[in-house]
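Visitor: Following this line is my_file.csv, made up of CSV, N, CA and C atoms:
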```csv
chain,number,residue,atom,x,y,z
A,2,MET,N,36.4,-133.3,96.1
A,2,MET,CA,37.9,-133.6,95.9
A,2,MET,C,38.7,-133.2,97.1
A,3,ILE,N,38.4,-132.0,97.6
A,3,ILE,CA,39.0,-131.6,98.9
A,3,ILE,C,38.0,-131.8,100.0
A,4,GLU,N,38.3,-132.6,100.9
A,4,GLU,CA,37.3,-132.8,102.0
A,4,GLU,C,38.0,-132.4,103.4
A,5,PHE,N,37.2,-131.7,104.2
A,5,PHE,CA,37.7,-131.3,105.5
A,5,PHE,C,37.7,-132.5,106.4
A,6,CYS,N,38.7,-132.7,107.2
A,6,CYS,CA,38.8,-133.9,108.1
A,6,CYS,C,38.4,-133.5,109.5
A,7,ARG,N,38.0,-134.5,110.3
A,7,ARG,CA,37.7,-134.3,111.7
A,7,ARG,C,38.9,-134.6,112.5
A,8,PHE,N,38.9,-134.1,113.7
A,8,PHE,CA,40.0,-134.2,114.6
A,8,PHE,C,40.4,-135.7,115.0
A,9,VAL,N,39.4,-136.6,114.9
A,9,VAL,CA,39.6,-138.0,115.2
A,9,VAL,C,40.6,-138.6,114.2
A,10,GLU,N,40.7,-138.0,113.0
A,10,GLU,CA,41.6,-138.5,112.0
A,10,GLU,C,43.0,-137.9,112.1
A,11,LEU,N,43.3,-137.0,113.0
A,11,LEU,CA,44.5,-136.3,113.1
A,11,LEU,C,45.7,-137.2,113.3
A,12,HIS,N,45.5,-138.4,113.9
A,12,HIS,CA,46.6,-139.3,114.0
A,12,HIS,C,47.2,-139.7,112.7
A,13,LYS,N,46.5,-139.5,111.6
A,13,LYS,CA,47.0,-139.9,110.2
A,13,LYS,C,48.2,-139.0,109.8
A,14,ILE,N,48.4,-137.8,110.4
A,14,ILE,CA,49.5,-137.0,110.0
A,14,ILE,C,50.6,-137.0,111.1
A,15,LYS,N,50.5,-137.9,112.0
A,15,LYS,CA,51.5,-137.9,113.2
A,15,LYS,C,52.9,-138.0,112.7
A,16,ARG,N,53.1,-139.0,111.8
A,16,ARG,CA,54.5,-139.2,111.2
A,16,ARG,C,55.0,-138.0,110.5
A,17,ALA,N,54.1,-137.4,109.6
A,17,ALA,CA,54.5,-136.3,108.8
A,17,ALA,C,54.8,-135.1,109.7
A,18,ALA,N,54.1,-135.0,110.8
A,18,ALA,CA,54.3,-133.8,111.7
A,18,ALA,C,55.7,-133.7,112.3
A,19,GLY,N,56.3,-134.9,112.4
A,19,GLY,CA,57.7,-134.9,113.0
A,19,GLY,C,57.6,-135.2,114.4
A,20,SER,N,58.1,-134.4,115.3
A,20,SER,CA,58.2,-134.7,116.7
A,20,SER,C,56.9,-134.5,117.4
A,21,PRO,N,56.7,-135.1,118.6
A,21,PRO,CA,55.5,-134.8,119.4
A,21,PRO,C,55.2,-133.4,119.6
A,22,ALA,N,56.3,-132.6,119.8
A,22,ALA,CA,56.1,-131.1,120.0
A,22,ALA,C,55.5,-130.5,118.8
A,23,ASP,N,56.0,-130.9,117.6
A,23,ASP,CA,55.5,-130.3,116.3
A,23,ASP,C,54.0,-130.7,116.1
A,24,PHE,N,53.7,-132.0,116.5
A,24,PHE,CA,52.3,-132.5,116.4
A,24,PHE,C,51.4,-131.7,117.2
A,25,LYS,N,51.9,-131.4,118.5
A,25,LYS,CA,51.1,-130.6,119.4
A,25,LYS,C,50.9,-129.2,118.9
A,26,GLN,N,51.9,-128.6,118.3
A,26,GLN,CA,51.8,-127.2,117.7
A,26,GLN,C,50.8,-127.2,116.5
A,27,ILE,N,50.8,-128.2,115.7
A,27,ILE,CA,49.9,-128.4,114.6
A,27,ILE,C,48.5,-128.5,115.1
A,28,LYS,N,48.3,-129.3,116.1
A,28,LYS,CA,47.0,-129.5,116.7
A,28,LYS,C,46.5,-128.1,117.3
A,29,THR,N,47.3,-127.4,117.9
A,29,THR,CA,47.0,-126.1,118.5
A,29,THR,C,46.5,-125.1,117.3
A,30,GLU,N,47.3,-125.1,116.2
A,30,GLU,CA,47.0,-124.3,115.1
A,30,GLU,C,45.6,-124.6,114.5
A,31,LEU,N,45.3,-125.9,114.5
A,31,LEU,CA,44.0,-126.4,114.0
A,31,LEU,C,42.9,-126.0,114.9
A,32,GLU,N,43.1,-126.1,116.2
A,32,GLU,CA,42.1,-125.7,117.2
A,32,GLU,C,41.8,-124.2,117.1
A,33,LYS,N,42.8,-123.4,116.8
A,33,LYS,CA,42.6,-122.0,116.8
A,33,LYS,C,42.1,-121.5,115.4
A,34,GLY,N,42.0,-122.4,114.4
A,34,GLY,CA,41.6,-122.0,113.1
A,34,GLY,C,42.6,-121.4,112.2
A,35,VAL,N,43.9,-121.5,112.6
A,35,VAL,CA,45.0,-120.9,111.9
A,35,VAL,C,45.3,-121.8,110.6
A,36,SER,N,45.2,-123.1,110.8
A,36,SER,CA,45.4,-124.1,109.8
A,36,SER,C,44.2,-124.9,109.5
A,37,ARG,N,44.1,-125.6,108.4
A,37,ARG,CA,43.0,-126.5,108.0
A,37,ARG,C,43.6,-127.9,107.8
A,38,PHE,N,42.8,-128.9,108.2
A,38,PHE,CA,43.1,-130.3,108.0
A,38,PHE,C,42.2,-130.9,107.0
A,39,VAL,N,42.8,-131.3,105.8
A,39,VAL,CA,42.0,-131.7,104.7
A,39,VAL,C,42.6,-133.0,104.1
A,40,LYS,N,41.8,-133.7,103.3
A,40,LYS,CA,42.2,-134.9,102.6
A,40,LYS,C,41.9,-134.7,101.1
A,41,ILE,N,42.9,-135.0,100.3
A,41,ILE,CA,42.8,-134.9,98.9
A,41,ILE,C,43.3,-136.2,98.3
A,42,PHE,N,42.5,-137.0,97.6
A,42,PHE,CA,43.0,-138.3,97.0
A,42,PHE,C,43.7,-139.2,98.1
A,43,ASP,N,43.1,-139.4,99.2
A,43,ASP,CA,43.7,-140.3,100.2
A,43,ASP,C,45.0,-139.7,100.8
A,44,THR,N,45.3,-138.5,100.6
A,44,THR,CA,46.5,-137.8,101.2
A,44,THR,C,46.0,-136.8,102.2
A,45,TYR,N,46.5,-136.8,103.4
A,45,TYR,CA,46.1,-135.8,104.4
A,45,TYR,C,47.1,-134.6,104.4
A,46,PHE,N,46.5,-133.4,104.5
A,46,PHE,CA,47.3,-132.2,104.5
A,46,PHE,C,46.9,-131.3,105.6
A,47,VAL,N,47.9,-130.6,106.2
A,47,VAL,CA,47.6,-129.5,107.1
A,47,VAL,C,48.0,-128.3,106.3
A,48,LEU,N,47.1,-127.3,106.0
A,48,LEU,CA,47.4,-126.2,105.2
A,48,LEU,C,47.1,-124.9,105.9
A,49,ARG,N,47.8,-123.8,105.6
A,49,ARG,CA,47.5,-122.5,106.1
A,49,ARG,C,47.9,-121.5,105.1
A,50,VAL,N,47.3,-120.3,105.2
A,50,VAL,CA,47.7,-119.2,104.4
A,50,VAL,C,48.6,-118.3,105.2
A,51,ASP,N,49.8,-118.1,104.7
A,51,ASP,CA,50.8,-117.1,105.4
A,51,ASP,C,51.1,-116.0,104.4
A,52,GLY,N,50.4,-114.9,104.6
A,52,GLY,CA,50.6,-113.7,103.7
A,52,GLY,C,50.1,-114.1,102.3
A,53,ASP,N,51.0,-114.1,101.3
A,53,ASP,CA,50.5,-114.4,99.9
A,53,ASP,C,51.0,-115.8,99.5
A,54,ALA,N,51.2,-116.7,100.5
A,54,ALA,CA,51.6,-118.1,100.2
A,54,ALA,C,50.7,-119.1,100.9
A,55,LEU,N,50.5,-120.2,100.2
A,55,LEU,CA,49.8,-121.3,100.8
A,55,LEU,C,50.9,-122.2,101.4
A,56,THR,N,50.8,-122.4,102.7
A,56,THR,CA,51.9,-123.2,103.3
A,56,THR,C,51.3,-124.6,103.6
A,57,VAL,N,52.1,-125.6,103.1
A,57,VAL,CA,51.8,-127.0,103.4
A,57,VAL,C,52.6,-127.3,104.6
A,58,VAL,N,51.9,-127.4,105.8
A,58,VAL,CA,52.6,-127.6,107.0
A,58,VAL,C,53.1,-129.0,107.1
A,59,CYS,N,52.2,-130.0,106.7
A,59,CYS,CA,52.6,-131.4,106.6
A,59,CYS,C,51.7,-132.1,105.6
A,60,ALA,N,52.1,-133.2,105.1
A,60,ALA,CA,51.3,-134.0,104.2
A,60,ALA,C,51.7,-135.5,104.4
A,61,GLU,N,50.7,-136.4,104.4
A,61,GLU,CA,50.9,-137.8,104.6
A,61,GLU,C,49.9,-138.6,103.7
A,62,GLY,N,50.5,-139.5,102.9
A,62,GLY,CA,49.6,-140.3,102.1
A,62,GLY,C,50.3,-140.7,100.8
A,63,LYS,N,49.8,-141.8,100.2
A,63,LYS,CA,50.4,-142.4,99.0
A,63,LYS,C,50.1,-141.6,97.8
A,64,GLY,N,49.0,-140.8,97.8
A,64,GLY,CA,48.6,-140.0,96.6
A,64,GLY,C,49.2,-138.6,96.6
A,65,ILE,N,50.3,-138.4,97.2
A,65,ILE,CA,50.7,-137.0,97.4
A,65,ILE,C,51.1,-136.3,96.1
A,66,LYS,N,51.6,-137.1,95.1
A,66,LYS,CA,52.0,-136.4,93.8
A,66,LYS,C,50.7,-136.0,93.1
A,67,ARG,N,49.7,-136.9,93.1
A,67,ARG,CA,48.4,-136.6,92.4
A,67,ARG,C,47.7,-135.4,93.1
A,68,ALA,N,47.7,-135.5,94.5
A,68,ALA,CA,47.1,-134.5,95.3
A,68,ALA,C,47.7,-133.1,95.2
A,69,SER,N,49.0,-133.1,94.9
A,69,SER,CA,49.8,-131.8,94.8
A,69,SER,C,49.2,-130.9,93.7
A,70,TYR,N,48.7,-131.5,92.6
A,70,TYR,CA,48.1,-130.7,91.6
A,70,TYR,C,46.8,-129.9,92.1
A,71,ILE,N,46.1,-130.6,93.0
A,71,ILE,CA,44.9,-129.9,93.6
A,71,ILE,C,45.3,-128.8,94.5
A,72,VAL,N,46.4,-129.0,95.3
A,72,VAL,CA,46.9,-128.0,96.1
A,72,VAL,C,47.4,-126.8,95.3
A,73,ILE,N,48.0,-127.0,94.2
A,73,ILE,CA,48.4,-125.9,93.3
A,73,ILE,C,47.1,-125.2,92.8
A,74,GLU,N,46.1,-125.9,92.4
A,74,GLU,CA,44.9,-125.3,91.9
A,74,GLU,C,44.2,-124.5,93.0
A,75,LEU,N,44.3,-125.0,94.2
A,75,LEU,CA,43.7,-124.3,95.4
A,75,LEU,C,44.4,-122.9,95.6
A,76,ALA,N,45.7,-122.9,95.5
A,76,ALA,CA,46.5,-121.7,95.7
A,76,ALA,C,46.2,-120.7,94.6
A,77,HIS,N,46.1,-121.3,93.4
A,77,HIS,CA,45.7,-120.5,92.2
A,77,HIS,C,44.4,-119.8,92.4
A,78,ARG,N,43.4,-120.5,92.8
A,78,ARG,CA,42.0,-120.0,93.0
A,78,ARG,C,42.0,-119.0,94.1
A,79,LEU,N,42.9,-119.2,95.1
A,79,LEU,CA,42.9,-118.2,96.2
A,79,LEU,C,43.8,-117.0,95.9
A,80,LYS,N,44.3,-117.0,94.6
A,80,LYS,CA,45.1,-115.9,94.1
A,80,LYS,C,46.3,-115.6,94.9
A,81,LEU,N,46.9,-116.7,95.4
A,81,LEU,CA,48.2,-116.6,96.2
A,81,LEU,C,49.3,-116.7,95.2
A,82,LYS,N,50.5,-116.1,95.6
A,82,LYS,CA,51.6,-116.0,94.7
A,82,LYS,C,52.5,-117.2,94.8
A,83,SER,N,52.5,-118.0,95.9
A,83,SER,CA,53.4,-119.1,96.0
A,83,SER,C,52.8,-120.2,96.9
A,84,ILE,N,53.5,-121.3,96.9
A,84,ILE,CA,53.2,-122.4,97.8
A,84,ILE,C,54.6,-122.7,98.5
A,85,GLU,N,54.5,-122.8,99.9
A,85,GLU,CA,55.7,-123.3,100.6
A,85,GLU,C,55.4,-124.6,101.2
A,86,PHE,N,56.4,-125.5,101.2
A,86,PHE,CA,56.2,-126.8,101.7
A,86,PHE,C,57.3,-127.1,102.8
A,87,HIS,N,56.9,-127.4,104.0
A,87,HIS,CA,57.8,-127.7,105.1
A,87,HIS,C,58.0,-129.2,105.3
A,88,THR,N,59.2,-129.7,105.3
A,88,THR,CA,59.4,-131.1,105.5
A,88,THR,C,60.8,-131.4,106.1
A,89,LYS,N,60.8,-132.5,106.8
A,89,LYS,CA,62.1,-133.1,107.2
A,89,LYS,C,62.4,-134.3,106.5
A,90,ARG,N,61.6,-134.7,105.5
A,90,ARG,CA,61.7,-135.9,104.8
A,90,ARG,C,62.2,-135.7,103.4
A,91,PRO,N,63.5,-136.1,103.1
A,91,PRO,CA,64.1,-135.9,101.8
A,91,PRO,C,63.3,-136.5,100.6
A,92,ALA,N,62.6,-137.6,100.9
A,92,ALA,CA,61.8,-138.3,99.8
A,92,ALA,C,60.8,-137.3,99.2
A,93,LEU,N,60.2,-136.5,100.0
A,93,LEU,CA,59.2,-135.6,99.5
A,93,LEU,C,59.7,-134.6,98.5
A,94,LYS,N,61.0,-134.2,98.7
A,94,LYS,CA,61.6,-133.3,97.7
A,94,LYS,C,61.6,-134.0,96.3
A,95,ARG,N,61.9,-135.2,96.2
A,95,ARG,CA,61.9,-135.9,95.0
A,95,ARG,C,60.4,-136.0,94.4
A,96,LEU,N,59.5,-136.3,95.3
A,96,LEU,CA,58.1,-136.4,94.9
A,96,LEU,C,57.5,-135.1,94.3
A,97,LEU,N,58.0,-134.0,94.8
A,97,LEU,CA,57.4,-132.7,94.5
A,97,LEU,C,58.3,-132.0,93.4
A,98,LYS,N,59.3,-132.7,92.9
A,98,LYS,CA,60.2,-132.1,91.9
A,98,LYS,C,59.3,-131.8,90.6
A,99,HIS,N,58.3,-132.6,90.3
A,99,HIS,CA,57.5,-132.3,89.1
A,99,HIS,C,56.7,-131.0,89.2
A,100,CYS,N,56.6,-130.4,90.4
A,100,CYS,CA,56.0,-129.1,90.5
A,100,CYS,C,56.9,-127.9,90.6
A,101,ASN,N,58.2,-128.2,90.4
A,101,ASN,CA,59.2,-127.1,90.4
A,101,ASN,C,59.4,-126.5,91.8
A,102,PHE,N,59.2,-127.2,92.8
A,102,PHE,CA,59.5,-126.7,94.2
A,102,PHE,C,61.0,-126.5,94.2
A,103,ASN,N,61.5,-125.4,94.8
A,103,ASN,CA,62.9,-125.1,95.0
A,103,ASN,C,63.2,-124.9,96.4
A,104,PHE,N,64.4,-125.4,96.8
A,104,PHE,CA,64.8,-125.2,98.2
A,104,PHE,C,64.9,-123.7,98.5
A,105,LYS,N,64.3,-123.3,99.6
A,105,LYS,CA,64.4,-121.9,100.0
A,105,LYS,C,65.3,-121.7,101.2
A,106,TYR,N,65.1,-122.4,102.3
A,106,TYR,CA,65.9,-122.3,103.5
A,106,TYR,C,65.6,-123.4,104.4
A,107,THR,N,66.5,-123.6,105.4
A,107,THR,CA,66.2,-124.5,106.5
A,107,THR,C,65.8,-123.7,107.7
A,108,ALA,N,64.6,-124.0,108.2
A,108,ALA,CA,64.1,-123.3,109.4
A,108,ALA,C,64.8,-123.7,110.7
A,109,PRO,N,64.8,-122.8,111.7
A,109,PRO,CA,65.5,-123.1,112.9
A,109,PRO,C,65.0,-124.5,113.5
A,110,SER,N,63.8,-124.9,113.2
A,110,SER,CA,63.2,-126.1,113.7
A,110,SER,C,63.8,-127.4,113.0
A,111,GLY,N,64.6,-127.1,112.0
A,111,GLY,CA,65.2,-128.2,111.2
A,111,GLY,C,64.4,-128.6,109.9
A,112,TYR,N,63.3,-128.0,109.7
A,112,TYR,CA,62.5,-128.3,108.5
A,112,TYR,C,63.1,-127.6,107.3
A,113,ALA,N,63.2,-128.3,106.2
A,113,ALA,CA,63.6,-127.7,105.0
A,113,ALA,C,62.3,-127.1,104.4
A,114,VAL,N,62.4,-125.9,103.9
A,114,VAL,CA,61.3,-125.1,103.3
A,114,VAL,C,61.6,-125.0,101.8
A,115,TYR,N,60.6,-125.6,101.0
A,115,TYR,CA,60.7,-125.5,99.6
A,115,TYR,C,59.5,-124.6,99.1
A,116,SER,N,59.8,-123.9,98.0
A,116,SER,CA,58.8,-122.9,97.5
A,116,SER,C,58.6,-123.1,96.0
A,117,MET,N,57.5,-122.7,95.6
A,117,MET,CA,57.2,-122.7,94.2
A,117,MET,C,56.3,-121.5,93.9
A,118,VAL,N,56.5,-120.8,92.7
A,118,VAL,CA,55.8,-119.7,92.3
A,118,VAL,C,54.5,-120.2,91.6
A,119,ILE,N,53.4,-119.6,91.9
A,119,ILE,CA,52.1,-120.0,91.3
A,119,ILE,C,52.0,-119.5,89.9
A,120,TYR,N,52.2,-118.2,89.7
A,120,TYR,CA,52.0,-117.6,88.4
A,120,TYR,C,53.2,-117.7,87.5
A,121,GLY,N,53.1,-117.7,86.2
A,121,GLY,CA,54.2,-117.9,85.4
A,121,GLY,C,54.2,-119.3,84.7
A,122,ARG,N,55.4,-120.0,84.9
A,122,ARG,CA,55.5,-121.3,84.2
A,122,ARG,C,54.5,-122.3,84.7
A,123,GLN,N,54.1,-122.2,86.0
A,123,GLN,CA,53.2,-123.2,86.5
A,123,GLN,C,51.8,-123.1,85.9
A,124,GLN,N,51.4,-122.0,85.3
A,124,GLN,CA,50.1,-121.9,84.7
A,124,GLN,C,49.8,-123.1,83.8
A,125,PHE,N,50.8,-123.5,83.0
A,125,PHE,CA,50.6,-124.6,82.0
A,125,PHE,C,50.3,-125.9,82.8
A,126,LYS,N,50.9,-126.2,83.9
A,126,LYS,CA,50.7,-127.4,84.6
A,126,LYS,C,49.3,-127.4,85.2
A,127,ILE,N,48.8,-126.3,85.6
A,127,ILE,CA,47.4,-126.2,86.2
A,127,ILE,C,46.4,-126.5,85.1
A,128,LYS,N,46.6,-125.8,84.0
A,128,LYS,CA,45.6,-126.1,82.9
A,128,LYS,C,45.7,-127.5,82.4
A,129,LYS,N,46.9,-128.1,82.3
A,129,LYS,CA,47.1,-129.4,81.8
A,129,LYS,C,46.3,-130.4,82.8
A,130,PHE,N,46.5,-130.2,84.1
A,130,PHE,CA,45.8,-131.1,85.0
A,130,PHE,C,44.3,-130.9,84.9
A,131,SER,N,43.8,-129.7,84.8
A,131,SER,CA,42.4,-129.5,84.7
A,131,SER,C,41.7,-130.1,83.5
A,132,THR,N,42.4,-130.3,82.4
A,132,THR,CA,41.8,-130.9,81.2
A,132,THR,C,42.0,-132.4,81.1
A,133,ASN,N,42.8,-132.9,82.0
A,133,ASN,CA,43.1,-134.4,82.0
A,133,ASN,C,42.4,-135.0,83.2
A,134,LYS,N,41.1,-134.9,83.3
A,134,LYS,CA,40.4,-135.5,84.5
A,134,LYS,C,40.3,-137.0,84.4
```
Rewrite the coordinates I just gave you, this time as structure tokens.

Guide:
Amino acid sequence: MIEFCRFVELHKIKRAAGSPADFKQIKTELEKGVSRFVKIFDTYFVLRVDGDALTVVCAEGKGIKRASYIVIELAHRLKLKSIEFHTKRPALKRLLKHCNFNFKYTAPSGYAVYSMVIYGRQQFKIKKFSTNK
């Protein structure tokens, strides 16, 4: 379900990464092992753990809504407290509304940061997804 991607596929997240400088920064994080490049249901993600949060650095693909449930499950299994999602694309906010992401702040880089708590109300959604394979 979660498959690690090779660097030759990195161009697939170029649009989601934003600017060429942001893309270069993401590539550097991947090379250093700070972030991971994965594919879930034909959606590409760059993920990293920041403290007690799983950070979605960027995501690109048509199956993002479906894949988001797997990202939630991953954060749950890693026993993290929240997920943060960084984006400059307002459409992603609407796509992720089903997961109860809330606007947290706008980073100096211009990215809107949305956050969702893993434990609590989200437990039901995780169980619901797991039983509806």

Visitor: In Å, with one decimal, what is the gap from atom CA of A:Phe102 to atom CA of A:Glu74?

Guide: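 Spanning atom CA of A:Phe102 to atom CA of A:Glu74 is a straight-line distance of 14.8 Å.
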
Visitor: Could you pull out the helix (DSSP H, G or I) residues of stretch 28-73 of chain A from DSSP and send them as a list in words?

Guide: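 Assigned to helix (DSSP H, G or I), within stretch 28-73 of chain A: Lys28, Thr29, Glu30, Leu31, Glu32, Lys33, Ile65, Lys66, Arg67, Ala68, Ser69, Tyr70, Ile71, Val72 and Ile73 of chain A.
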
Visitor: From chain A, collect each residue whose DSSP state is strand (DSSP E or B) and return the set as a ChimeraX atom specification.

Guide: /A:3-5,37-41,44-51,54-61,83-88,103-107,113-118

Visitor: Calculate how many Å separate atom N of A:Glu61 from atom CA of A:Ala17, rounding to one decimal.

Guide: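 The value is 5.8 Å.
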
Visitor: Please return, as a PyMOL selection string, all polymer residues that have at least one atom within 8 Å of the point (45.3, -133.3, 104.7); use only C-alpha atoms and the file's own coordinate frame.

Guide: chain A and resi 5-6+14+37-41+44-48+59-61

Visitor: Could you state the separation of atom CA of A:Pro21 and atom CA of A:Ile73 in Å, given to one decimal place?

Guide: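 Value for the atom CA of A:Pro21-atom CA of A:Ile73 distance: 28.5 Å.
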
Visitor: May I ask which of the residues A:Val57, A:Phe42, A:Asn101, A:Arg95 is the closest one to A:Ile3, counting all atoms listed in the file?

Guide: A:Phe42

Visitor: Can you work out which one of A:Val35, A:Glu4, A:Thr88, A:Val118 has the shortest atom-to-atom distance to A:Tyr106, counting only C-alpha atoms?

Guide: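 Looking only at the distances to A:Tyr106, the closest residue turns out to be A:Thr88.
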
Visitor: May I have the protein, DNA and RNA residues with an atom at most 6.5 Å from (61.3, -133.5, 113.1), counting all atoms listed in the file in the file's coordinates, returned as JSON, numbers by chain?

Guide: {"A": [18, 19, 20, 89]}

Visitor: The selected residues should be written to file as a PDB file, in the frame of the given file (atoms: N, CA and C atoms).

Guide:
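Saved as out05.pdb:
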```pdb
ATOM      1  N   ALA A  18      54.100-135.000 110.800  1.00  0.00           N
ATOM      2  CA  ALA A  18      54.300-133.800 111.700  1.00  0.00           C
ATOM      3  C   ALA A  18      55.700-133.700 112.300  1.00  0.00           C
ATOM      4  N   GLY A  19      56.300-134.900 112.400  1.00  0.00           N
ATOM      5  CA  GLY A  19      57.700-134.900 113.000  1.00  0.00           C
ATOM      6  C   GLY A  19      57.600-135.200 114.400  1.00  0.00           C
ATOM      7  N   SER A  20      58.100-134.400 115.300  1.00  0.00           N
ATOM      8  CA  SER A  20      58.200-134.700 116.700  1.00  0.00           C
ATOM      9  C   SER A  20      56.900-134.500 117.400  1.00  0.00           C
ATOM     10  N   LYS A  89      60.800-132.500 106.800  1.00  0.00           N
ATOM     11  CA  LYS A  89      62.100-133.100 107.200  1.00  0.00           C
ATOM     12  C   LYS A  89      62.400-134.300 106.500  1.00  0.00           C
TER      13      LYS A  89
END
```

Visitor: A:Thr56: which residues within 6 Å, counting only N, CA and C atoms, same-chain residues fewer than 5 positions away excluded, as a PyMOL selection string?

Guide: chain A and resi 47-51+84-86

Visitor: Could those residues be written to a file, using N, CA and C atoms, as a PDB file, in the frame of the given file?

Guide:
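The resulting part_11.pdb:
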```pdb
ATOM      1  N   VAL A  47      47.900-130.600 106.200  1.00  0.00           N
ATOM      2  CA  VAL A  47      47.600-129.500 107.100  1.00  0.00           C
ATOM      3  C   VAL A  47      48.000-128.300 106.300  1.00  0.00           C
ATOM      4  N   LEU A  48      47.100-127.300 106.000  1.00  0.00           N
ATOM      5  CA  LEU A  48      47.400-126.200 105.200  1.00  0.00           C
ATOM      6  C   LEU A  48      47.100-124.900 105.900  1.00  0.00           C
ATOM      7  N   ARG A  49      47.800-123.800 105.600  1.00  0.00           N
ATOM      8  CA  ARG A  49      47.500-122.500 106.100  1.00  0.00           C
ATOM      9  C   ARG A  49      47.900-121.500 105.100  1.00  0.00           C
ATOM     10  N   VAL A  50      47.300-120.300 105.200  1.00  0.00           N
ATOM     11  CA  VAL A  50      47.700-119.200 104.400  1.00  0.00           C
ATOM     12  C   VAL A  50      48.600-118.300 105.200  1.00  0.00           C
ATOM     13  N   ASP A  51      49.800-118.100 104.700  1.00  0.00           N
ATOM     14  CA  ASP A  51      50.800-117.100 105.400  1.00  0.00           C
ATOM     15  C   ASP A  51      51.100-116.000 104.400  1.00  0.00           C
ATOM     16  N   ILE A  84      53.500-121.300  96.900  1.00  0.00           N
ATOM     17  CA  ILE A  84      53.200-122.400  97.800  1.00  0.00           C
ATOM     18  C   ILE A  84      54.600-122.700  98.500  1.00  0.00           C
ATOM     19  N   GLU A  85      54.500-122.800  99.900  1.00  0.00           N
ATOM     20  CA  GLU A  85      55.700-123.300 100.600  1.00  0.00           C
ATOM     21  C   GLU A  85      55.400-124.600 101.200  1.00  0.00           C
ATOM     22  N   PHE A  86      56.400-125.500 101.200  1.00  0.00           N
ATOM     23  CA  PHE A  86      56.200-126.800 101.700  1.00  0.00           C
ATOM     24  C   PHE A  86      57.300-127.100 102.800  1.00  0.00           C
TER      25      PHE A  86
END
```

Visitor: Kindly reconstruct stretch 115-119 of chain A with all heavy atoms and present the result as a PDB file, keeping the file's coordinate frame.

Guide:
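New file out16.pdb:
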```pdb
ATOM      1  N   TYR A 115      60.600-125.600 101.000  1.00  0.00           N
ATOM      2  CA  TYR A 115      60.700-125.500  99.600  1.00  0.00           C
ATOM      3  C   TYR A 115      59.500-124.600  99.100  1.00  0.00           C
ATOM      4  O   TYR A 115      58.491-124.490  99.736  1.00  0.00           O
ATOM      5  CB  TYR A 115      60.458-126.886  98.967  1.00  0.00           C
ATOM      6  CG  TYR A 115      61.578-127.818  99.324  1.00  0.00           C
ATOM      7  CD1 TYR A 115      61.543-128.572 100.480  1.00  0.00           C
ATOM      8  CD2 TYR A 115      62.701-127.912  98.505  1.00  0.00           C
ATOM      9  CE1 TYR A 115      62.582-129.417 100.824  1.00  0.00           C
ATOM     10  CE2 TYR A 115      63.741-128.758  98.838  1.00  0.00           C
ATOM     11  CZ  TYR A 115      63.685-129.513  99.996  1.00  0.00           C
ATOM     12  OH  TYR A 115      64.723-130.344 100.333  1.00  0.00           O
ATOM     13  N   SER A 116      59.800-123.900  98.000  1.00  0.00           N
ATOM     14  CA  SER A 116      58.800-122.900  97.500  1.00  0.00           C
ATOM     15  C   SER A 116      58.600-123.100  96.000  1.00  0.00           C
ATOM     16  O   SER A 116      59.537-123.471  95.330  1.00  0.00           O
ATOM     17  CB  SER A 116      59.322-121.485  97.862  1.00  0.00           C
ATOM     18  OG  SER A 116      58.399-120.528  97.434  1.00  0.00           O
ATOM     19  N   MET A 117      57.500-122.700  95.600  1.00  0.00           N
ATOM     20  CA  MET A 117      57.200-122.700  94.200  1.00  0.00           C
ATOM     21  C   MET A 117      56.300-121.500  93.900  1.00  0.00           C
ATOM     22  O   MET A 117      55.388-121.148  94.650  1.00  0.00           O
ATOM     23  CB  MET A 117      56.531-123.992  93.787  1.00  0.00           C
ATOM     24  CG  MET A 117      55.194-123.887  93.241  1.00  0.00           C
ATOM     25  SD  MET A 117      54.442-125.367  92.693  1.00  0.00           S
ATOM     26  CE  MET A 117      53.422-124.524  91.554  1.00  0.00           C
ATOM     27  N   VAL A 118      56.500-120.800  92.700  1.00  0.00           N
ATOM     28  CA  VAL A 118      55.800-119.700  92.300  1.00  0.00           C
ATOM     29  C   VAL A 118      54.500-120.200  91.600  1.00  0.00           C
ATOM     30  O   VAL A 118      54.616-121.106  90.775  1.00  0.00           O
ATOM     31  CB  VAL A 118      56.597-118.763  91.392  1.00  0.00           C
ATOM     32  CG1 VAL A 118      55.757-117.625  90.837  1.00  0.00           C
ATOM     33  CG2 VAL A 118      57.805-118.234  92.138  1.00  0.00           C
ATOM     34  N   ILE A 119      53.400-119.600  91.900  1.00  0.00           N
ATOM     35  CA  ILE A 119      52.100-120.000  91.300  1.00  0.00           C
ATOM     36  C   ILE A 119      52.000-119.500  89.900  1.00  0.00           C
ATOM     37  O   ILE A 119      51.667-120.218  88.946  1.00  0.00           O
ATOM     38  CB  ILE A 119      50.904-119.605  92.116  1.00  0.00           C
ATOM     39  CG1 ILE A 119      50.942-120.271  93.471  1.00  0.00           C
ATOM     40  CG2 ILE A 119      49.594-119.919  91.401  1.00  0.00           C
ATOM     41  CD1 ILE A 119      50.873-121.768  93.437  1.00  0.00           C
TER      42      ILE A 119
END
```
